[in-house]
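Asker: What follows is a single structure, and I will ask about it in a moment.
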Amino acid sequence: FHAEGMSSELFRVWFCTLCNNQSRVQEEIGTNLESSSFMQVLKSDTCRHFALISPLEALKRKWCAFELSLSIERQKLRNATSILLVTDDGVVQDGQVAPDRLLMMARGAQNFKAENATCWSSEDSKMIDSFVHAGGGYDLITATVKKAILQALSAAEHIVDQAKNLLDSQEEEEGQPAATVSQNLVTL
């Protein structure tokens, strides 16, 4: 995937789901969230992007909302384009996701509210709520995610426009306007 001209050799990826044993979160994170490996990665100066894999699904979990809130608070996200949206099909911003899937994502985003995220542990839920509210609240997360989706859709649209322009310019060079080609295809 792209990332502001950086070589893929410079990337380090942290998957909290894989790096933190999900059935032993308390043991993995410990009693001091600030000193956990999880928090150290998110606070690191080398952490510049935040990838949401299955974004609207992931953010149903409070821990994912917490991670995004921390990234926003620590100003890791210079803007919503720092959030990479990843689906089973690929990275949305790179034009790897089919239009029908993008439409499904947009429909899901219409009703998305980060405050609806859940957590199986009531203690964790209270801690996360406290942290999120201190960092701008769930409304900020919701707005950031919706803006990121809108920007990702625009990036994907730009790639589609480039593809169309390539064919349009080729048609014009060959002396047959694109509209005529389209009409010929319809009559076949």
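By convention here, the chains of the structure tokens are called A, B, ... in the order presented, each chain's residues are numbered starting at 1, and ligands are numbered starting at 1 in the order presented.
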May I have a table of the residues of range 153-175 of chain A lying at most 12 Å from range 80-89 of chain A, giving each one's closest pair of atoms and their distance in Å to one decimal, counting only C-alpha atoms, ordered by chain and ascending residue number, as a Markdown table?
Answerer:
| residue | atom | partner | partner_atom | distance |
| --- | --- | --- | --- | --- |
| A:Leu153 | CA | A:Leu85 | CA | 9.9 |
| A:Ser154 | CA | A:Thr81 | CA | 10.7 |
| A:Ala155 | CA | A:Thr81 | CA | 9.6 |
| A:Ala156 | CA | A:Leu85 | CA | 11.2 |
Asker: Mind listing the alpha helix (DSSP H) residues of range 35-188 of chain A, per DSSP on the backbone, as a ChimeraX atom specification?
Answerer: /A:37-43,55-58,62-73,99-110,122-134,138-173,178-187
Asker: A:Met104, A:Val41, A:Ala117, A:Leu167: which is nearest Asp129 in chain A, counting only C-alpha atoms?
Answerer: A:Ala117
Asker: At a cut-off of 8 Å, using only C-alpha atoms, what residues contact Lys113 in chain A? Leave out same-chain residues fewer than 2 positions from it and give the result as a list in words.
Answerer: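 Near Lys113 in chain A, the qualifying residues are Asn111, Glu115, Asn116, Ala117, Tyr138, Asp139 and Thr142 of chain A.
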Asker: Counting only C-alpha atoms, figure out which residue out of A:Val92, A:Ala65, A:Ile149, A:Leu103 gets nearest to His133 in chain A.
Answerer: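 Of the candidates, the smallest distance to His133 in chain A is held by A:Ala65.
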Asker: Can you pull out every residue within 9 Å of Phe66 in chain A, counting only C-alpha atoms, but drop anything in the same chain fewer than 6 positions away, and send it as a list in words?
Answerer: Ile128, Asp129, Phe131 and Val132 of chain A
Asker: Would you mind exporting N, CA and C atoms of the selected residues as a short mmCIF file (atom, residue, chain, number, x, y, z; two decimals), in the first residue's frame?
Answerer:
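File out.cif, as written:
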data_model
loop_
_atom_site.label_atom_id
_atom_site.label_comp_id
_atom_site.auth_asym_id
_atom_site.auth_seq_id
_atom_site.Cartn_x
_atom_site.Cartn_y
_atom_site.Cartn_z
N ILE A 128 -11.99 2.52 29.34
CA ILE A 128 -11.96 3.02 27.97
C ILE A 128 -12.84 4.25 27.83
N ASP A 129 -14.06 4.19 28.37
CA ASP A 129 -14.96 5.34 28.31
C ASP A 129 -14.31 6.58 28.92
N PHE A 131 -11.11 7.25 29.29
CA PHE A 131 -10.01 7.69 28.44
C PHE A 131 -10.55 8.40 27.19
N VAL A 132 -11.53 7.79 26.54
CA VAL A 132 -12.08 8.36 25.30
C VAL A 132 -12.71 9.72 25.56
#
Asker: Can you pull out every residue from range 31-168 of chain A that DSSP, working from the backbone, puts in strand (DSSP E or B), and format the result as a list of chain:residue names?
Answerer: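 Answer for range 31-168 of chain A restricted to strand (DSSP E or B) is A:Phe50, A:Ala51, A:Leu52, A:Ile53, A:Arg61, A:Ile83, A:Leu84, A:Leu85, A:Val86, A:Thr87, A:Gly90, A:Val91, A:Thr118.
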Asker: Could you write out that same residue set with all heavy atoms as an mmCIF file, in the first residue's frame?
Answerer:
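result-v8.cif written:
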data_model
loop_
_atom_site.group_PDB
_atom_site.id
_atom_site.type_symbol
_atom_site.label_atom_id
_atom_site.label_comp_id
_atom_site.auth_asym_id
_atom_site.auth_seq_id
_atom_site.Cartn_x
_atom_site.Cartn_y
_atom_site.Cartn_z
ATOM 1 N N PHE A 50 -2.530 4.603 10.932
ATOM 2 C CA PHE A 50 -3.433 3.735 11.680
ATOM 3 C C PHE A 50 -4.262 2.992 10.641
ATOM 4 O O PHE A 50 -4.980 3.613 9.862
ATOM 5 C CB PHE A 50 -4.336 4.604 12.561
ATOM 6 C CG PHE A 50 -5.128 3.842 13.568
ATOM 7 C CD1 PHE A 50 -4.630 3.655 14.849
ATOM 8 C CD2 PHE A 50 -6.369 3.317 13.254
ATOM 9 C CE1 PHE A 50 -5.358 2.961 15.794
ATOM 10 C CE2 PHE A 50 -7.099 2.625 14.180
ATOM 11 C CZ PHE A 50 -6.601 2.440 15.465
ATOM 12 N N ALA A 51 -4.127 1.687 10.596
ATOM 13 C CA ALA A 51 -4.888 0.887 9.636
ATOM 14 C C ALA A 51 -6.086 0.275 10.332
ATOM 15 O O ALA A 51 -5.935 -0.372 11.369
ATOM 16 C CB ALA A 51 -4.008 -0.200 9.029
ATOM 17 N N LEU A 52 -7.244 0.514 9.777
ATOM 18 C CA LEU A 52 -8.468 -0.104 10.284
ATOM 19 C C LEU A 52 -8.836 -1.230 9.332
ATOM 20 O O LEU A 52 -9.184 -0.991 8.181
ATOM 21 C CB LEU A 52 -9.607 0.922 10.338
ATOM 22 C CG LEU A 52 -9.645 1.796 11.567
ATOM 23 C CD1 LEU A 52 -10.659 2.921 11.386
ATOM 24 C CD2 LEU A 52 -9.961 0.991 12.797
ATOM 25 N N ILE A 53 -8.720 -2.438 9.819
ATOM 26 C CA ILE A 53 -9.065 -3.602 9.020
ATOM 27 C C ILE A 53 -10.530 -3.917 9.297
ATOM 28 O O ILE A 53 -10.920 -4.069 10.451
ATOM 29 C CB ILE A 53 -8.144 -4.785 9.360
ATOM 30 C CG1 ILE A 53 -6.700 -4.378 9.059
ATOM 31 C CG2 ILE A 53 -8.555 -6.034 8.597
ATOM 32 C CD1 ILE A 53 -5.654 -5.334 9.536
ATOM 33 N N ARG A 61 -15.813 -2.778 18.624
ATOM 34 C CA ARG A 61 -15.102 -3.158 19.848
ATOM 35 C C ARG A 61 -14.496 -1.914 20.489
ATOM 36 O O ARG A 61 -13.787 -1.145 19.832
ATOM 37 C CB ARG A 61 -14.015 -4.184 19.522
ATOM 38 C CG ARG A 61 -14.575 -5.479 18.976
ATOM 39 C CD ARG A 61 -13.505 -6.542 18.808
ATOM 40 N NE ARG A 61 -12.408 -6.173 17.938
ATOM 41 C CZ ARG A 61 -12.417 -6.313 16.606
ATOM 42 N NH1 ARG A 61 -13.473 -6.801 15.991
ATOM 43 N NH2 ARG A 61 -11.370 -5.959 15.897
ATOM 44 N N ILE A 83 -5.454 7.487 8.264
ATOM 45 C CA ILE A 83 -6.137 6.234 8.564
ATOM 46 C C ILE A 83 -6.268 5.448 7.265
ATOM 47 O O ILE A 83 -6.910 5.897 6.319
ATOM 48 C CB ILE A 83 -7.546 6.489 9.148
ATOM 49 C CG1 ILE A 83 -7.466 7.316 10.420
ATOM 50 C CG2 ILE A 83 -8.246 5.159 9.411
ATOM 51 C CD1 ILE A 83 -8.827 7.722 10.959
ATOM 52 N N LEU A 84 -5.644 4.280 7.233
ATOM 53 C CA LEU A 84 -5.779 3.410 6.067
ATOM 54 C C LEU A 84 -6.973 2.493 6.304
ATOM 55 O O LEU A 84 -7.071 1.852 7.348
ATOM 56 C CB LEU A 84 -4.515 2.584 5.866
ATOM 57 C CG LEU A 84 -3.255 3.383 5.567
ATOM 58 C CD1 LEU A 84 -2.043 2.464 5.531
ATOM 59 C CD2 LEU A 84 -3.397 4.124 4.258
ATOM 60 N N LEU A 85 -7.879 2.458 5.353
ATOM 61 C CA LEU A 85 -9.061 1.607 5.461
ATOM 62 C C LEU A 85 -8.810 0.342 4.659
ATOM 63 O O LEU A 85 -8.600 0.398 3.449
ATOM 64 C CB LEU A 85 -10.291 2.338 4.944
ATOM 65 C CG LEU A 85 -10.619 3.650 5.663
ATOM 66 C CD1 LEU A 85 -11.807 4.325 5.014
ATOM 67 C CD2 LEU A 85 -10.873 3.415 7.138
ATOM 68 N N VAL A 86 -8.819 -0.787 5.335
ATOM 69 C CA VAL A 86 -8.474 -2.062 4.724
ATOM 70 C C VAL A 86 -9.665 -3.007 4.819
ATOM 71 O O VAL A 86 -10.266 -3.155 5.891
ATOM 72 C CB VAL A 86 -7.245 -2.687 5.426
ATOM 73 C CG1 VAL A 86 -6.817 -3.972 4.735
ATOM 74 C CG2 VAL A 86 -6.084 -1.698 5.488
ATOM 75 N N THR A 87 -9.988 -3.627 3.703
ATOM 76 C CA THR A 87 -11.058 -4.628 3.674
ATOM 77 C C THR A 87 -10.466 -5.947 3.176
ATOM 78 O O THR A 87 -9.271 -6.022 2.872
ATOM 79 C CB THR A 87 -12.198 -4.213 2.731
ATOM 80 O OG1 THR A 87 -11.732 -4.327 1.381
ATOM 81 C CG2 THR A 87 -12.679 -2.789 2.998
ATOM 82 N N GLY A 90 -8.706 -5.267 -0.105
ATOM 83 C CA GLY A 90 -7.493 -4.465 -0.172
ATOM 84 C C GLY A 90 -7.668 -3.117 0.507
ATOM 85 O O GLY A 90 -8.577 -2.921 1.311
ATOM 86 N N VAL A 91 -6.808 -2.177 0.148
ATOM 87 C CA VAL A 91 -6.804 -0.839 0.733
ATOM 88 C C VAL A 91 -7.733 0.050 -0.095
ATOM 89 O O VAL A 91 -7.557 0.191 -1.307
ATOM 90 C CB VAL A 91 -5.379 -0.247 0.762
ATOM 91 C CG1 VAL A 91 -5.370 1.163 1.341
ATOM 92 C CG2 VAL A 91 -4.442 -1.157 1.555
ATOM 93 N N THR A 118 -18.744 -1.999 22.054
ATOM 94 C CA THR A 118 -18.949 -2.780 23.272
ATOM 95 C C THR A 118 -17.640 -3.430 23.722
ATOM 96 O O THR A 118 -16.675 -3.514 22.968
ATOM 97 C CB THR A 118 -20.005 -3.886 23.055
ATOM 98 O OG1 THR A 118 -19.553 -4.755 22.014
ATOM 99 C CG2 THR A 118 -21.349 -3.287 22.680
#
Asker: Kindly give the distance, in Å, that separates CA of Leu68 in chain A and CA of Glu27 in chain A, rounded to a single decimal.
Answerer: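 Those two atoms sit 21.8 Å apart.
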Asker: Rounded to one decimal place, report the CA of Ser54 in chain A-CA of Thr144 in chain A distance in Å.
Answerer: 15.7 Å
